[in-house]
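Peer 1: After the structure tokens below, expect a handful of questions from me.
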Amino acid sequence: MQSLDTRIPAVLLRIDRNPFHHGTLGAVRSLGRAGIEVHLVADDFGSPVQRSRYLHRMHAPPAPGASPAEVAAVLRRVSHRLTGPAVLIPLDDAGALAVSALYGELTDRFLVPRVPGDVAERVADKAGLAQVCTQAGVAHPTTLAPDSAAEAARAVDLLGAPALAKWSRPWLLPQDTGLRSTTVIGSPQEAVALYERRAEAGSRLLLQAFVPGAREADWFVHGCAGRGGVVRGGGTGRKHRSWPRSAGLTVSGDWAPNPALWAAAAQVVSALDYRGIFDLDFRRDAVTGDFHLIDFNPRPGAQFRLFADGTGTDVVRALHLDLTHRPVPAPHPLPGRTFVVENYAPLAALSALARSGRHSSSPAGELAWHAADDPAPGAAMRRMWRSHVVRRLRDGVGHRSREALSMGARDHAPAVLPAQANRERAVTDA
């Protein structure tokens, strides 16, 4: 078992506004259970995370879109409330990029891994990921960056449909616009429509070939590259379900050892000389068998607790151990361990509870929100999620009713499912 230095607190930073970010709760619990004093810099006042018994204190975060100088000012204020240096762990891309840029200004107050040069930005920006893959000798889907609406239309013709539309810097997407970081599209017209919103999105539109895959073709690799470059605290996982379907976060998955995939991830990390926590998304090509690197996130993935091994080590504990110069235990994998986000997959969550005897932190698996030793966040999530769903349904029904009345007045057209929903279902079932 690992022995963390409980004299050194942890500061978790998340700039993104998301009250249902279960990865934040996972980090709070992981470190808090080990006796670490956990401070959270996030807009989670009123979030289920705030109810965790393992959270020591919350602090107001920087505003979305804050400059590195503004992020530094917030972190300096937080540091004044600490008795000494703290391990700093960003939980979203915006936070990770800010911390990387501020390395020289933060090291007198925080312990952070040194990510060389602009590596964090290169891997987070999807426009640069193709070059990273070429450098590392890892497969990557054909990706085009149109400079005009006509080029966007031609790109879909070249790539074929369905294709993926991605914003190169998804952390810049404004909230409440309906824009997603990744969208499955099926026509040149849809590509043009997204291209016309590039100013609103804040970054370039990328169009990417869809990698053909059988069921459960989507995989992920988590780990923490320590000061010596050795990767610990993670593993290879298989995604069973996602939300949104075919292009979203992991709803359920399992720990599935895959030496070839682990070697590919280590190859990328080594080529970049990357240090710190990473979350890589891969998709296996059903035709060639190659694993294509889809995303490189320079921070913990929301489902990182899947890889809590037999020593209790996960990526956030591995980072704390490494930065405080404590030995990280040798890996003790737990193949078959599962992770389920119960607000997106309630039936799978009930099944997981039954298998684990209602103890979500058992070696067999873990739930994102429910925990026998920390029940308050799960109860709060259930209350909030019910209200959230009812509100969305009410808003959706009202919108569809108004739309149907308008259409019916013109041509009595029946209500139909959006093409996007049909396409996502077809892609998921491929």
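Going by the structure tokens order, chains are called A, B, ..., each with residues numbered from 1, while ligands are numbered from 1 in the order shown.
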Applying 6 Å and only C-alpha atoms, which residues near stretch 283-297 of chain A remain after dropping the ones on its own chain fewer than 6 positions away? List them as a ChimeraX atom specification.

Peer 2: /A:123-124,139-140,211-214,217-219

Peer 1: Kindly save the residues from that selection, with N, CA and C atoms included, as an mmCIF file, in the first residue's frame.

Peer 2:
data_model
loop_
_atom_site.group_PDB
_atom_site.id
_atom_site.type_symbol
_atom_site.label_atom_id
_atom_site.label_comp_id
_atom_site.auth_asym_id
_atom_site.auth_seq_id
_atom_site.Cartn_x
_atom_site.Cartn_y
_atom_site.Cartn_z
ATOM 1 N N VAL A 123 -1.032 18.947 -27.288
ATOM 2 C CA VAL A 123 -1.843 17.729 -27.217
ATOM 3 C C VAL A 123 -3.321 18.049 -26.979
ATOM 4 N N ALA A 124 -3.598 19.126 -26.248
ATOM 5 C CA ALA A 124 -4.994 19.477 -25.984
ATOM 6 C C ALA A 124 -5.670 20.049 -27.222
ATOM 7 N N ALA A 139 -1.124 5.676 -35.035
ATOM 8 C CA ALA A 139 -2.182 5.953 -36.010
ATOM 9 C C ALA A 139 -3.103 7.065 -35.522
ATOM 10 N N HIS A 140 -3.606 7.852 -36.488
ATOM 11 C CA HIS A 140 -4.540 8.947 -36.193
ATOM 12 C C HIS A 140 -5.465 9.105 -37.393
ATOM 13 N N VAL A 211 -13.566 6.390 -37.882
ATOM 14 C CA VAL A 211 -12.855 5.111 -37.893
ATOM 15 C C VAL A 211 -13.879 3.987 -37.756
ATOM 16 N N PRO A 212 -13.999 3.106 -38.743
ATOM 17 C CA PRO A 212 -14.992 2.030 -38.638
ATOM 18 C C PRO A 212 -14.632 1.070 -37.513
ATOM 19 N N GLY A 213 -15.606 0.764 -36.698
ATOM 20 C CA GLY A 213 -15.329 -0.126 -35.581
ATOM 21 C C GLY A 213 -16.518 -0.991 -35.253
ATOM 22 N N ALA A 214 -16.241 -2.183 -34.743
ATOM 23 C CA ALA A 214 -17.308 -3.039 -34.256
ATOM 24 C C ALA A 214 -17.730 -2.542 -32.883
ATOM 25 N N ALA A 217 -15.453 -0.653 -29.755
ATOM 26 C CA ALA A 217 -14.208 -0.303 -30.429
ATOM 27 C C ALA A 217 -13.484 0.827 -29.730
ATOM 28 N N ASP A 218 -14.158 1.501 -28.801
ATOM 29 C CA ASP A 218 -13.578 2.670 -28.144
ATOM 30 C C ASP A 218 -12.875 2.275 -26.851
ATOM 31 N N TRP A 219 -11.624 2.706 -26.730
ATOM 32 C CA TRP A 219 -10.770 2.379 -25.599
ATOM 33 C C TRP A 219 -10.171 3.663 -25.039
#

Peer 1: So that I can check the surroundings of A:Pro85, please list as a list in words every protein, DNA and RNA residue that reaches within 8 Å of it, counting only C-alpha atoms and ignoring chain neighbours fewer than 4 positions away.

Peer 2: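 Returned residues: Ile8, Pro9, Ser79, Asp108, Arg109, Phe110 and Leu111 of chain A.
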
Peer 1: Within stretch 58-279 of chain A, find each residue whose DSSP state, derived from the backbone, is strand (DSSP E), and express the selection as a PyMOL selection string.

Peer 2: chain A and resi 58-59+86-90+110-111+143-144+163-167+182-185+205-209+218-225+231-243+249-255+276-279

Peer 1: Just want the 12 Å neighbourhood of A:Ala60, counted on only C-alpha atoms, with same-chain residues fewer than 5 positions away dropped. Output as a PDB file with N, CA and C atoms, in the first residue's frame.

Peer 2:
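Generated file (part.pdb):
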ATOM      1  N   LEU A  12      -7.336  21.136  -6.049  1.00  0.00           N
ATOM      2  CA  LEU A  12      -7.921  20.714  -7.319  1.00  0.00           C
ATOM      3  C   LEU A  12      -8.491  21.935  -8.026  1.00  0.00           C
ATOM      4  N   LEU A  13      -8.163  22.112  -9.289  1.00  0.00           N
ATOM      5  CA  LEU A  13      -8.582  23.279 -10.057  1.00  0.00           C
ATOM      6  C   LEU A  13      -9.453  22.845 -11.228  1.00  0.00           C
ATOM      7  N   ARG A  14     -10.648  23.430 -11.331  1.00  0.00           N
ATOM      8  CA  ARG A  14     -11.499  23.202 -12.498  1.00  0.00           C
ATOM      9  C   ARG A  14     -12.184  24.510 -12.872  1.00  0.00           C
ATOM     10  N   ILE A  15     -11.911  25.010 -14.067  1.00  0.00           N
ATOM     11  CA  ILE A  15     -12.474  26.272 -14.530  1.00  0.00           C
ATOM     12  C   ILE A  15     -13.819  26.043 -15.215  1.00  0.00           C
ATOM     13  N   ARG A  17     -17.539  25.086 -15.971  1.00  0.00           N
ATOM     14  CA  ARG A  17     -18.750  25.087 -15.142  1.00  0.00           C
ATOM     15  C   ARG A  17     -19.542  23.818 -15.422  1.00  0.00           C
ATOM     16  N   HIS A  39      -8.545  20.826  -1.109  1.00  0.00           N
ATOM     17  CA  HIS A  39      -9.159  22.111  -1.430  1.00  0.00           C
ATOM     18  C   HIS A  39      -9.619  22.072  -2.883  1.00  0.00           C
ATOM     19  N   LEU A  40     -10.813  22.572  -3.151  1.00  0.00           N
ATOM     20  CA  LEU A  40     -11.365  22.563  -4.499  1.00  0.00           C
ATOM     21  C   LEU A  40     -11.607  23.989  -4.972  1.00  0.00           C
ATOM     22  N   VAL A  41     -10.963  24.344  -6.083  1.00  0.00           N
ATOM     23  CA  VAL A  41     -11.154  25.643  -6.725  1.00  0.00           C
ATOM     24  C   VAL A  41     -12.047  25.398  -7.937  1.00  0.00           C
ATOM     25  N   ALA A  42     -13.345  25.564  -7.757  1.00  0.00           N
ATOM     26  CA  ALA A  42     -14.317  25.276  -8.820  1.00  0.00           C
ATOM     27  C   ALA A  42     -15.645  25.908  -8.469  1.00  0.00           C
ATOM     28  N   ASP A  43     -16.471  26.095  -9.481  1.00  0.00           N
ATOM     29  CA  ASP A  43     -17.808  26.645  -9.275  1.00  0.00           C
ATOM     30  C   ASP A  43     -18.763  25.500  -8.916  1.00  0.00           C
ATOM     31  N   ASP A  44     -18.492  24.854  -7.783  1.00  0.00           N
ATOM     32  CA  ASP A  44     -19.294  23.717  -7.350  1.00  0.00           C
ATOM     33  C   ASP A  44     -20.087  24.029  -6.091  1.00  0.00           C
ATOM     34  N   PHE A  45     -20.302  25.304  -5.813  1.00  0.00           N
ATOM     35  CA  PHE A  45     -21.159  25.679  -4.696  1.00  0.00           C
ATOM     36  C   PHE A  45     -22.591  25.274  -5.064  1.00  0.00           C
ATOM     37  N   VAL A  71      -5.850  33.489 -13.608  1.00  0.00           N
ATOM     38  CA  VAL A  71      -5.786  32.185 -12.936  1.00  0.00           C
ATOM     39  C   VAL A  71      -4.721  32.222 -11.846  1.00  0.00           C
ATOM     40  N   ALA A  73      -3.693  34.778 -10.145  1.00  0.00           N
ATOM     41  CA  ALA A  73      -4.159  35.589  -9.022  1.00  0.00           C
ATOM     42  C   ALA A  73      -5.071  34.780  -8.102  1.00  0.00           C
ATOM     43  N   VAL A  74      -5.954  33.975  -8.700  1.00  0.00           N
ATOM     44  CA  VAL A  74      -6.853  33.137  -7.893  1.00  0.00           C
ATOM     45  C   VAL A  74      -6.046  32.114  -7.106  1.00  0.00           C
ATOM     46  N   LEU A  75      -5.097  31.465  -7.752  1.00  0.00           N
ATOM     47  CA  LEU A  75      -4.303  30.444  -7.067  1.00  0.00           C
ATOM     48  C   LEU A  75      -3.438  31.047  -5.968  1.00  0.00           C
ATOM     49  N   ARG A  77      -4.311  33.605  -4.133  1.00  0.00           N
ATOM     50  CA  ARG A  77      -5.226  33.823  -3.000  1.00  0.00           C
ATOM     51  C   ARG A  77      -5.479  32.524  -2.246  1.00  0.00           C
ATOM     52  N   VAL A  78      -5.636  31.446  -2.978  1.00  0.00           N
ATOM     53  CA  VAL A  78      -5.846  30.152  -2.329  1.00  0.00           C
ATOM     54  C   VAL A  78      -4.625  29.762  -1.518  1.00  0.00           C
TER      55      VAL A  78
END

Peer 1: Ranking A:Val49, A:Ala345, A:Gly229, A:Tyr54 by minimum distance to A:Asp373 and counting only C-alpha atoms, which one comes first?

Peer 2: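 Ranked by minimum distance to A:Asp373, first place goes to A:Tyr54.
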